[in-house]
file coords_10.pdb (PDB, C-alpha atoms)
ATOM      1  CA  MET A   1     101.908 111.419 102.294  1.00  0.00           C
ATOM      2  CA  LYS A   2      99.919 108.250 102.908  1.00  0.00           C
ATOM      3  CA  GLU A   3      99.683 107.081  99.334  1.00  0.00           C
ATOM      4  CA  TYR A   4     101.400 107.639  96.015  1.00  0.00           C
ATOM      5  CA  TRP A   5     100.929 106.435  92.479  1.00  0.00           C
ATOM      6  CA  LEU A   6     103.368 105.942  89.618  1.00  0.00           C
ATOM      7  CA  ILE A   7     101.600 106.017  86.255  1.00  0.00           C
ATOM      8  CA  HIS A   8     103.625 105.050  83.168  1.00  0.00           C
ATOM      9  CA  PRO A   9     101.433 105.840  80.129  1.00  0.00           C
ATOM     10  CA  ASP A  10     104.033 104.750  77.553  1.00  0.00           C
ATOM     11  CA  THR A  11     104.242 101.226  78.952  1.00  0.00           C
ATOM     12  CA  ARG A  12     100.691 101.169  80.335  1.00  0.00           C
ATOM     13  CA  GLN A  13     101.856 100.268  83.790  1.00  0.00           C
ATOM     14  CA  ALA A  14     100.732 101.659  87.122  1.00  0.00           C
ATOM     15  CA  GLU A  15     102.138 101.166  90.608  1.00  0.00           C
ATOM     16  CA  PHE A  16     100.352 102.119  93.805  1.00  0.00           C
ATOM     17  CA  PHE A  17     101.898 102.459  97.247  1.00  0.00           C
ATOM     18  CA  GLN A  18     100.264 103.011 100.618  1.00  0.00           C
ATOM     19  CA  LEU A  19     101.943 103.879 103.901  1.00  0.00           C
ATOM     20  CA  GLN A  20     101.421 101.035 106.385  1.00  0.00           C
ATOM     21  CA  ASP A  21     103.239 100.706 109.709  1.00  0.00           C
ATOM     22  CA  GLY A  22     105.758 103.388 108.713  1.00  0.00           C
ATOM     23  CA  ARG A  23     106.680 101.772 105.359  1.00  0.00           C
ATOM     24  CA  TYR A  24     105.309 102.060 101.864  1.00  0.00           C
ATOM     25  CA  ARG A  25     103.806  98.831 100.578  1.00  0.00           C
ATOM     26  CA  GLU A  26     102.826  98.176  96.991  1.00  0.00           C
ATOM     27  CA  ILE A  27      99.092  97.642  96.579  1.00  0.00           C
ATOM     28  CA  LYS A  28      97.840  95.804  93.516  1.00  0.00           C
ATOM     29  CA  PRO A  29      94.569  96.774  91.828  1.00  0.00           C
ATOM     30  CA  VAL A  30      91.690  94.352  92.295  1.00  0.00           C
ATOM     31  CA  ARG A  31      91.032  91.651  89.693  1.00  0.00           C
ATOM     32  CA  ASP A  32      89.150  93.874  87.283  1.00  0.00           C
ATOM     33  CA  GLY A  33      92.004  96.403  87.059  1.00  0.00           C
ATOM     34  CA  VAL A  34      90.503  98.888  89.510  1.00  0.00           C
ATOM     35  CA  TYR A  35      92.565 100.602  92.178  1.00  0.00           C
ATOM     36  CA  CYS A  36      90.720 101.762  95.313  1.00  0.00           C
ATOM     37  CA  SER A  37      92.323 104.678  97.132  1.00  0.00           C
ATOM     38  CA  ARG A  38      92.567 104.765 100.932  1.00  0.00           C
ATOM     39  CA  VAL A  39      93.280 108.497 100.945  1.00  0.00           C
ATOM     40  CA  LEU A  40      90.335 109.449  98.720  1.00  0.00           C
ATOM     41  CA  PRO A  41      87.423 107.393 100.109  1.00  0.00           C
ATOM     42  CA  GLY A  42      85.165 106.164  97.331  1.00  0.00           C
ATOM     43  CA  PHE A  43      87.672 106.980  94.580  1.00  0.00           C
ATOM     44  CA  ARG A  44      88.301 104.117  92.183  1.00  0.00           C
ATOM     45  CA  LEU A  45      90.723 104.290  89.256  1.00  0.00           C
ATOM     46  CA  ASN A  46      89.827 101.896  86.447  1.00  0.00           C
ATOM     47  CA  LEU A  47      93.112 101.243  84.666  1.00  0.00           C
ATOM     48  CA  ASN A  48      91.466  99.644  81.633  1.00  0.00           C
ATOM     49  CA  LYS A  49      89.476 102.819  80.992  1.00  0.00           C
ATOM     50  CA  LEU A  50      92.518 104.992  81.688  1.00  0.00           C
ATOM     51  CA  TRP A  51      94.584 103.193  79.039  1.00  0.00           C
ATOM     52  CA  GLU A  52      91.688 103.499  76.552  1.00  0.00           C
ATOM     53  CA  GLU A  53      91.602 107.262  77.122  1.00  0.00           C
ATOM     54  CA  ILE A  54      95.357 107.636  76.621  1.00  0.00           C
ATOM     55  CA  GLN A  55      95.370 106.014  73.165  1.00  0.00           C
TER      56      GLN A  55
END
call {"tool": "encode", "arguments": {"input": "coords_10.pdb", "output": "structure tokens"}}
result
Amino acid sequence: MKEYWLIHPDTRQAEFFQLQDGRYREIKPVRDGVYCSRVLPGFRLNLNKLWEEIQ
């Protein structure tokens, strides 16, 4: 597994980890709250929209 996500809908928190040099490193979304996957090229997860949908 090269990447994993922890999504906490109750607290509206998300953590993203990518495997780099044999260790998982936390990757922060870009400024506008969008996470860009390395495993799924072109896939972007907009956290602001995700939290709107969960309400």
call {"tool": "resolve_selection", "arguments": {"input": "coords_10.pdb", "expression": "the PyMOL selection byres ((chain A and resi 29) around 10)", "output": "number ranges by chain"}}
result
A: 14-16, 26-28, 30-37, 44-47
call {"tool": "axis_aligned_box", "arguments": {"input": "coords_10.pdb", "around": "region 34-46 of chain A", "padding_each_side": "3 Å", "output": "lines of an AutoDock Vina configuration file"}}
result
center_x = 89.2
center_y = 104.2
center_z = 93.7
size_x = 14.1
size_y = 16.6
size_z = 20.5
call {"tool": "atom_distance", "arguments": {"input": "coords_10.pdb", "atom1": "CA of Lys49 (chain A)", "atom2": "CA of Leu19 (chain A)"}}
result
26.1 Å
call {"tool": "atom_distance", "arguments": {"input": "coords_10.pdb", "atom1": "CA of Gly42 (chain A)", "atom2": "CA of Asp10 (chain A)"}}
result
27.4 Å
call {"tool": "closest_residue", "arguments": {"input": "coords_10.pdb", "among": "A:Arg25, A:Leu6, A:Met1, A:Arg12", "to": "Asn48 (chain A)", "atoms": "all atoms listed in the file"}}
result
A:Arg12
call {"tool": "closest_residue", "arguments": {"input": "coords_10.pdb", "among": "A:Phe43, A:Tyr24, A:Arg38, A:Trp51", "to": "Pro9 (chain A)", "atoms": "all atoms listed in the file"}}
result
A:Trp51
call {"tool": "atom_distance", "arguments": {"input": "coords_10.pdb", "atom1": "CA of Asp21 (chain A)", "atom2": "CA of Ile7 (chain A)"}}
result
24.1 Å
call {"tool": "closest_residue", "arguments": {"input": "coords_10.pdb", "among": "A:His8, A:Glu52, A:Glu3, A:Leu40", "to": "Gln20 (chain A)", "atoms": "all atoms listed in the file"}}
result
A:Glu3
